[in-house]
Amino acid sequence: MTTGEKSIRVTILMPIYKVENYLGKTLDSVFSQTYPYLDYVFVDDCSPDASLEVMDDAVARHHVDKERYTIVRHPRNEGIAVSRADCIAHAKGDYVFFVDSDDWIEPDTVRQMVAATRGGTVDIVGCDFAKDYVSGKTTCHTEDYADTCRENMLRCLNYDIATVLWKLLIRRSLFDNITITPHVDIVEDYIISVKLYYFAKTFAPLHKVFYHYVQYNQERVSLQTLRSITMHIKGVKEVEEFLNGKGLYDDVVRNKMNLRKFNIRSNFVLNKSLCDAEAYRNTFPETAGVWRQMNYSAKEKVKFWMAEHGLFPLLKLL
């Protein structure tokens with residue numbers, strides 16, 4: 001570890017809600033990091049289960065000093081966006097690293113990501129990740145990062161790179177430029193990622209699989225389909241407003257945003273439980289015909305053609 005790295009403090013940030021079956025492994029992974037200059041912020045979003053007892057047990061087992069961690073307790077459930085904002089508000093490190101409370105990280109994650117900051121000169125470092133399944137299968141995902149923050153911002157718009165905070169080591173002061181919209185959950189990562197890349201000046205990709213994104217927690221809020229779509233609509237609108245306000249809404253941005261909008265809109269045709277003519281007609285109508293330039297199957301494209309021609313009664317029979 002270089003002298004420059006020794007001066008860099010990292011705060012691990014963790015919102016907690018209904019994760020008693022997963023949290024022990026998560027905490028073991030963050031408390032066992034090889035990088036010593038760490039502190040922690042935990043936000044208990046009024047979790048109704050034994051998550052806090054699991055956390056207390058892990059803190060005791062790993063002998064974590066009281067000065068190194070902060071627990072914020074919500075009197076009522078506020079959602080992930082408010083929890084993330086509270087994590088940031090209590091962070092003391094030069095950099096922050098989000099770990100979702102049902103995932104886990106490799107032991108050398110923080111040390112190697114700090115090294116990639118080149119002595120604290122890089123604003124954001126991004127790593128690769130794995131998806132862990134209940135079957136025991138793990139799939140590795142290499143992110144198509146660009147070298148520049150501006151290009152990574154563009155790649156976020158239609159999810160050409162994953163728009164999640166948990167694979168990024170982020171200079172804490174970047175959040176001074178951002179207000180996290182409360183109660184816009186599920187897509188809070190999408191909104192924040194776009195804004196972070198806008199304000200950041202430097203980025204370093206680290207193509208190593210450090211983060212494990214656990215796929216078998218059925219409590220994940222993103223599994224709530226209809227609410228998820230509603231939140232994605234809000235997220236796209238907030239990002240669009242932000243980009244317009246910064247004078248960035250050129251043809252490249254408009255095309256990427258239309259692709260993202262249609263991916264959301266398509267649920268009202270392709271998802272049988274959500275198939276709805278009025279919702280399809282009223283959701284991002286400016287994306288009419290965008291499906292023609294997207295990589296849908298021939299059968300899916302027939303469905304979109306039928307939807308655009310008002311043939312929903314026939315569509316529902318397919």
# chains A, B, ... in the order shown; residues from 1 in each chain; ligands from 1
$ closest_atom_pairs --of "segment 146-230 of chain A" --to "segment 90-104 of chain A" --cutoff "6 Å" --atoms "only C-alpha atoms" --output "Markdown table"
| residue | atom | partner | partner_atom | distance |
| --- | --- | --- | --- | --- |
| A:Trp166 | CA | A:Phe98 | CA | 4.7 |
| A:Leu169 | CA | A:Phe97 | CA | 5.0 |
| A:Ile170 | CA | A:Tyr95 | CA | 5.3 |
| A:Arg171 | CA | A:Tyr95 | CA | 4.3 |
| A:Arg172 | CA | A:Tyr95 | CA | 4.9 |
| A:His212 | CA | A:Trp104 | CA | 5.3 |
| A:Tyr213 | CA | A:Asp103 | CA | 5.3 |
| A:Val214 | CA | A:Asp103 | CA | 5.2 |
$ residues_around --residues "segment 177-187 of chain A" --least-positions-apart "5" --cutoff "12 Å" --atoms "only C-alpha atoms" --output "number ranges by chain"
A: 77-89, 156-157, 159, 162-165, 171-172, 192-200, 220-239, 242
$ residues_around --residues "Val252 of chain A" --least-positions-apart "6" --cutoff "12 Å" --atoms "only C-alpha atoms" --output "list in words"
Glu151, Met153, Leu154, Arg155, Leu157, Asn158, Leu243, Asn258 and Leu259 of chain A
$ atom_distance --atom1 "atom CA of Lys201 of chain A" --atom2 "atom CA of Asp147 of chain A"
10.7 Å
$ select_by_dssp --residues "segment 99-210 of chain A" --states "strand (DSSP E or B)" --output "PyMOL selection string"
chain A and resi 104-105+124-132+138-141+168-171+203-210
$ write_last_selection --atoms "N, CA, C and O atoms" --output "tab-separated table (two decimals), in the first residue's frame"
chain	number	residue	atom	x	y	z
A	104	TRP	N	-22.66	-9.30	-1.61
A	104	TRP	CA	-21.38	-9.40	-0.90
A	104	TRP	C	-20.24	-9.05	-1.84
A	104	TRP	O	-20.41	-9.03	-3.06
A	105	ILE	N	-19.08	-8.73	-1.26
A	105	ILE	CA	-17.93	-8.32	-2.05
A	105	ILE	C	-16.71	-9.16	-1.71
A	105	ILE	O	-16.60	-9.70	-0.62
A	124	ILE	N	-14.18	8.52	-10.04
A	124	ILE	CA	-14.99	7.31	-9.97
A	124	ILE	C	-14.20	6.13	-10.51
A	124	ILE	O	-13.55	6.22	-11.56
A	125	VAL	N	-14.25	5.01	-9.79
A	125	VAL	CA	-13.67	3.75	-10.26
A	125	VAL	C	-14.81	2.75	-10.37
A	125	VAL	O	-15.64	2.63	-9.46
A	126	GLY	N	-14.87	2.03	-11.49
A	126	GLY	CA	-15.92	1.02	-11.68
A	126	GLY	C	-15.33	-0.36	-11.85
A	126	GLY	O	-14.31	-0.54	-12.54
A	127	CYS	N	-15.95	-1.35	-11.23
A	127	CYS	CA	-15.49	-2.74	-11.37
A	127	CYS	C	-16.54	-3.57	-12.10
A	127	CYS	O	-17.62	-3.09	-12.44
A	128	ASP	N	-16.22	-4.83	-12.34
A	128	ASP	CA	-17.18	-5.77	-12.91
A	128	ASP	C	-17.90	-6.50	-11.78
A	128	ASP	O	-17.57	-6.33	-10.60
A	129	PHE	N	-18.88	-7.33	-12.14
A	129	PHE	CA	-19.66	-7.99	-11.10
A	129	PHE	C	-20.12	-9.37	-11.54
A	129	PHE	O	-20.05	-9.73	-12.72
A	130	ALA	N	-20.58	-10.14	-10.57
A	130	ALA	CA	-21.13	-11.47	-10.82
A	130	ALA	C	-22.57	-11.52	-10.32
A	130	ALA	O	-22.95	-10.79	-9.40
A	131	LYS	N	-23.37	-12.36	-10.94
A	131	LYS	CA	-24.71	-12.65	-10.44
A	131	LYS	C	-24.69	-14.05	-9.82
A	131	LYS	O	-24.29	-15.02	-10.49
A	132	ASP	N	-25.11	-14.14	-8.56
A	132	ASP	CA	-25.14	-15.42	-7.85
A	132	ASP	C	-26.59	-15.92	-7.78
A	132	ASP	O	-27.47	-15.18	-7.33
A	138	THR	N	-22.99	-19.09	-10.88
A	138	THR	CA	-22.55	-17.70	-10.89
A	138	THR	C	-22.19	-17.30	-12.31
A	138	THR	O	-21.49	-18.04	-13.00
A	139	THR	N	-22.69	-16.17	-12.75
A	139	THR	CA	-22.34	-15.65	-14.07
A	139	THR	C	-21.59	-14.33	-13.89
A	139	THR	O	-21.98	-13.49	-13.08
A	140	CYS	N	-20.51	-14.15	-14.65
A	140	CYS	CA	-19.69	-12.96	-14.55
A	140	CYS	C	-20.06	-11.97	-15.64
A	140	CYS	O	-20.33	-12.37	-16.79
A	141	HIS	N	-20.09	-10.70	-15.30
A	141	HIS	CA	-20.52	-9.65	-16.22
A	141	HIS	C	-19.43	-8.58	-16.32
A	141	HIS	O	-19.10	-7.90	-15.34
A	168	LEU	N	-19.36	0.95	-7.96
A	168	LEU	CA	-18.57	2.16	-8.13
A	168	LEU	C	-17.96	2.63	-6.81
A	168	LEU	O	-18.64	2.67	-5.79
A	169	LEU	N	-16.69	2.98	-6.86
A	169	LEU	CA	-16.05	3.73	-5.78
A	169	LEU	C	-16.12	5.20	-6.20
A	169	LEU	O	-15.60	5.58	-7.25
A	170	ILE	N	-16.78	6.02	-5.38
A	170	ILE	CA	-17.17	7.37	-5.80
A	170	ILE	C	-16.60	8.41	-4.85
A	170	ILE	O	-16.74	8.28	-3.62
A	171	ARG	N	-16.00	9.45	-5.41
A	171	ARG	CA	-15.55	10.55	-4.57
A	171	ARG	C	-16.76	11.16	-3.87
A	171	ARG	O	-17.74	11.56	-4.52
A	203	PHE	N	-12.44	9.01	-14.64
A	203	PHE	CA	-12.98	7.68	-14.40
A	203	PHE	C	-11.90	6.65	-14.70
A	203	PHE	O	-11.10	6.81	-15.62
A	204	ALA	N	-11.89	5.57	-13.92
A	204	ALA	CA	-10.98	4.46	-14.17
A	204	ALA	C	-11.73	3.14	-14.13
A	204	ALA	O	-12.38	2.84	-13.12
A	205	PRO	N	-11.69	2.35	-15.21
A	205	PRO	CA	-12.31	1.02	-15.17
A	205	PRO	C	-11.35	0.01	-14.54
A	205	PRO	O	-10.14	0.06	-14.75
A	206	LEU	N	-11.90	-0.89	-13.76
A	206	LEU	CA	-11.12	-1.96	-13.15
A	206	LEU	C	-11.82	-3.26	-13.49
A	206	LEU	O	-12.82	-3.62	-12.85
A	207	HIS	N	-11.34	-3.95	-14.49
A	207	HIS	CA	-12.06	-5.12	-15.00
A	207	HIS	C	-11.73	-6.37	-14.18
A	207	HIS	O	-11.06	-7.30	-14.64
A	208	LYS	N	-12.23	-6.34	-12.95
A	208	LYS	CA	-12.14	-7.48	-12.05
A	208	LYS	C	-13.50	-7.66	-11.39
A	208	LYS	O	-14.18	-6.68	-11.06
A	209	VAL	N	-13.90	-8.91	-11.22
A	209	VAL	CA	-15.21	-9.21	-10.63
A	209	VAL	C	-15.08	-9.16	-9.12
A	209	VAL	O	-14.59	-10.10	-8.48
A	210	PHE	N	-15.52	-8.04	-8.55
A	210	PHE	CA	-15.42	-7.84	-7.11
A	210	PHE	C	-16.78	-7.94	-6.42
A	210	PHE	O	-16.86	-8.32	-5.26
$ residues_around --residues "segment 66-71 of chain A" --least-positions-apart "2" --cutoff "12 Å" --atoms "only C-alpha atoms" --output "number ranges by chain"
A: 9-16, 30-31, 36-46, 52, 55-56, 59-60, 62-64, 73-74, 83, 86-93
